[in-house]
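Working notes for the structure below.
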Amino acid sequence: MNVLNQALTVAGGMAAIKAVADYTATGNITYHWNPEVQGSVTVRGLGLGQIRVDANLPRGVHSSVISDGQTSTKAEDGTLSQYPPPYPVPSSDAFPYQPSMFPGSFVFPHAQLVAVLNSPRFSVSYKGIAQVDGRSVHDIQVQRVLPGQAQTDSMTEYHIMEFFVDTATLQVVMSQDSIPKHIVHQIRYSDYRPVNGVAVPFSISELMGGQKTRDIQLTQISFNTGLQDTAFALQ
């Protein structure tokens, strides 16, 4: 808890970070598909539970949204897909679905720390010193405890997130959780810059199963632009 509080202090303080209700960020994105694709990107986040990424790519706009626990994607050709899908799934194809605990703070990781420190629904444990990209980091595990939940069940791994805080700078350099089918999901943060008194990572890399999926380099970010739920509907 002490490390998380120090990380918040370095990033601008709990009050300043808590005051951020939404953000709109722009920059450039690289999708590590085969072949790689690059373009400009706009990322919008509202609260902790809603995120939208719109990438202008050579073949069109690729959009992805997480909202109300559902993931939606619109491909460059306009094809729309959702998970969980709006139709029954055969039991042979079904698997536990759980988005990240805090999808809305994809480019604003300190909002997650505010949530953890201000809710009794999270338990926090210190796992020790680890190494991330050659840097010594504090490994801190957070688990969401649901009312009436058994000590462990098949969904427990999807309610656990780890934060890795640099021992020297106290910056959050990575978060890690699990996505369906037991795949390790990591987001690496670097190039922190002050924006309205709050530290924001302008370089974000996402990995799944140890493989890079996308890199985002921000050029600017604005807070409290008045985003509404309607901004997170794909049509």
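Ligands are numbered from 1 in the order shown, chains are lettered A, B, ... in the order of the structure tokens, and residues start at 1 in each chain.
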Nearby residues (only C-alpha atoms) at most 12 Å from A:His110, same-chain spacing under 3 positions excluded, as a VMD selection string
chain A and resid 4 to 20 48 102 104 to 107 113 to 117 163 to 165 170 to 175 189 192 198 to 201
For A:Thr30, find every residue with an atom within 7 Å (counting only C-alpha atoms), except residues of its own chain fewer than 5 positions away, and show them as an NGL selection string.
:A and (36-39 or 214-216)
Fewer than 4 positions away in the same chain doesn't count, so skip those; otherwise give me all residues within 9 Å of A:Ile66, counting only C-alpha atoms, as a list in words.
Gly49, Gln50, Ile51, Arg52, Gln70, Thr71, Ser72, Thr73, Pro99, Pro103, Gly104 and Phe232 of chain A
I'd like the neighbourhood of A:Val124 as a list in words, where a residue qualifies if any of its atoms comes within 9 Å (using only C-alpha atoms), though same-chain residues fewer than 4 positions away should be ignored.
Met1, Val116, Leu117, Ile140, Gln141, Val142 and Gln143 of chain A
Got a sec to tell me which of stretch 19-92 of chain A DSSP assigns to strand (DSSP E), as a VMD selection string?
chain A and resid 22 to 31 37 to 46 50 to 57 60 to 67 70 to 74 80 to 83
What would the file look like if the residues just selected were written as a compact mmCIF listing (two decimals), in the first residue's frame with N, CA and C atoms?
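Everything below was put into part32.txt:
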```txt
# COMPACT_ATOMS: atom_id res chain seq x y z
N ASP A 22 -12.45 11.49 -17.62
CA ASP A 22 -12.31 10.92 -18.96
C ASP A 22 -11.09 11.52 -19.63
N TYR A 23 -10.68 10.89 -20.72
CA TYR A 23 -9.55 11.42 -21.47
C TYR A 23 -9.73 11.12 -22.96
N THR A 24 -9.11 11.95 -23.78
CA THR A 24 -9.01 11.72 -25.22
C THR A 24 -7.56 11.93 -25.61
N ALA A 25 -6.95 10.89 -26.16
CA ALA A 25 -5.53 10.94 -26.53
C ALA A 25 -5.37 10.64 -28.01
N THR A 26 -4.38 11.28 -28.63
CA THR A 26 -4.10 11.03 -30.04
C THR A 26 -2.61 10.73 -30.21
N GLY A 27 -2.29 10.04 -31.30
CA GLY A 27 -0.91 9.69 -31.55
C GLY A 27 -0.81 8.73 -32.72
N ASN A 28 0.17 7.84 -32.65
CA ASN A 28 0.42 6.86 -33.71
C ASN A 28 0.40 5.46 -33.14
N ILE A 29 0.00 4.50 -33.96
CA ILE A 29 -0.13 3.12 -33.51
C ILE A 29 0.51 2.17 -34.51
N THR A 30 1.09 1.11 -34.00
CA THR A 30 1.60 0.01 -34.82
C THR A 30 0.95 -1.27 -34.34
N TYR A 31 0.23 -1.95 -35.24
CA TYR A 31 -0.32 -3.27 -34.94
C TYR A 31 0.68 -4.31 -35.44
N VAL A 37 1.08 -3.15 -39.44
CA VAL A 37 0.30 -2.05 -40.00
C VAL A 37 0.46 -0.84 -39.08
N GLN A 38 0.63 0.33 -39.67
CA GLN A 38 0.80 1.55 -38.89
C GLN A 38 -0.23 2.59 -39.31
N GLY A 39 -0.54 3.48 -38.37
CA GLY A 39 -1.47 4.56 -38.67
C GLY A 39 -1.59 5.51 -37.51
N SER A 40 -2.48 6.48 -37.65
CA SER A 40 -2.76 7.41 -36.55
C SER A 40 -3.86 6.81 -35.68
N VAL A 41 -3.95 7.27 -34.43
CA VAL A 41 -4.89 6.66 -33.49
C VAL A 41 -5.48 7.70 -32.55
N THR A 42 -6.73 7.46 -32.18
CA THR A 42 -7.39 8.23 -31.12
C THR A 42 -7.87 7.24 -30.08
N VAL A 43 -7.50 7.49 -28.82
CA VAL A 43 -7.90 6.63 -27.71
C VAL A 43 -8.75 7.44 -26.76
N ARG A 44 -9.95 6.90 -26.45
CA ARG A 44 -10.84 7.58 -25.52
C ARG A 44 -11.14 6.65 -24.35
N GLY A 45 -11.13 7.21 -23.14
CA GLY A 45 -11.46 6.42 -21.96
C GLY A 45 -12.41 7.19 -21.07
N LEU A 46 -13.40 6.47 -20.53
CA LEU A 46 -14.38 7.07 -19.61
C LEU A 46 -14.44 6.21 -18.37
N GLN A 50 -14.67 1.89 -19.60
CA GLN A 50 -14.95 2.11 -21.02
C GLN A 50 -13.71 2.63 -21.74
N ILE A 51 -13.40 1.99 -22.86
CA ILE A 51 -12.24 2.37 -23.66
C ILE A 51 -12.60 2.22 -25.14
N ARG A 52 -12.13 3.15 -25.94
CA ARG A 52 -12.33 3.07 -27.38
C ARG A 52 -11.04 3.45 -28.09
N VAL A 53 -10.62 2.63 -29.05
CA VAL A 53 -9.42 2.88 -29.84
C VAL A 53 -9.83 2.91 -31.31
N ASP A 54 -9.63 4.05 -31.97
CA ASP A 54 -9.92 4.20 -33.40
C ASP A 54 -8.61 4.45 -34.12
N ALA A 55 -8.23 3.50 -34.99
CA ALA A 55 -6.97 3.62 -35.73
C ALA A 55 -7.24 3.83 -37.21
N ASN A 56 -6.67 4.90 -37.77
CA ASN A 56 -6.77 5.16 -39.20
C ASN A 56 -5.63 4.43 -39.90
N LEU A 57 -5.96 3.31 -40.54
CA LEU A 57 -4.96 2.45 -41.18
C LEU A 57 -5.07 2.55 -42.70
N GLY A 60 -8.42 1.44 -44.06
CA GLY A 60 -9.63 1.93 -43.43
C GLY A 60 -9.44 2.12 -41.94
N VAL A 61 -10.55 2.35 -41.25
CA VAL A 61 -10.53 2.59 -39.80
C VAL A 61 -10.78 1.28 -39.07
N HIS A 62 -9.91 0.96 -38.13
CA HIS A 62 -10.07 -0.21 -37.26
C HIS A 62 -10.42 0.30 -35.87
N SER A 63 -11.58 -0.11 -35.35
CA SER A 63 -12.05 0.37 -34.05
C SER A 63 -12.27 -0.79 -33.10
N SER A 64 -11.94 -0.55 -31.84
CA SER A 64 -12.23 -1.54 -30.80
C SER A 64 -12.75 -0.82 -29.56
N VAL A 65 -13.72 -1.45 -28.91
CA VAL A 65 -14.38 -0.85 -27.75
C VAL A 65 -14.56 -1.91 -26.67
N ILE A 66 -14.32 -1.54 -25.43
CA ILE A 66 -14.76 -2.33 -24.28
C ILE A 66 -15.69 -1.45 -23.48
N SER A 67 -16.91 -1.91 -23.28
CA SER A 67 -17.92 -1.13 -22.55
C SER A 67 -18.93 -2.08 -21.94
N GLN A 70 -18.41 -5.81 -22.36
CA GLN A 70 -18.46 -6.42 -23.68
C GLN A 70 -17.38 -5.81 -24.58
N THR A 71 -16.75 -6.66 -25.38
CA THR A 71 -15.74 -6.21 -26.33
C THR A 71 -16.32 -6.20 -27.74
N SER A 72 -16.18 -5.07 -28.43
CA SER A 72 -16.67 -4.94 -29.80
C SER A 72 -15.53 -4.48 -30.70
N THR A 73 -15.51 -5.00 -31.91
CA THR A 73 -14.47 -4.63 -32.88
C THR A 73 -15.11 -4.37 -34.23
N LYS A 74 -14.65 -3.32 -34.88
CA LYS A 74 -15.10 -3.02 -36.24
C LYS A 74 -13.87 -2.99 -37.14
N LEU A 80 -18.43 -5.96 -38.16
CA LEU A 80 -18.58 -5.75 -36.72
C LEU A 80 -18.64 -7.09 -36.00
N SER A 81 -17.86 -7.24 -34.95
CA SER A 81 -17.89 -8.46 -34.15
C SER A 81 -17.97 -8.09 -32.67
N GLN A 82 -18.58 -8.99 -31.88
CA GLN A 82 -18.77 -8.73 -30.45
C GLN A 82 -18.44 -9.98 -29.65
N TYR A 83 -17.94 -9.75 -28.43
CA TYR A 83 -17.79 -10.87 -27.51
C TYR A 83 -18.07 -10.39 -26.09
```
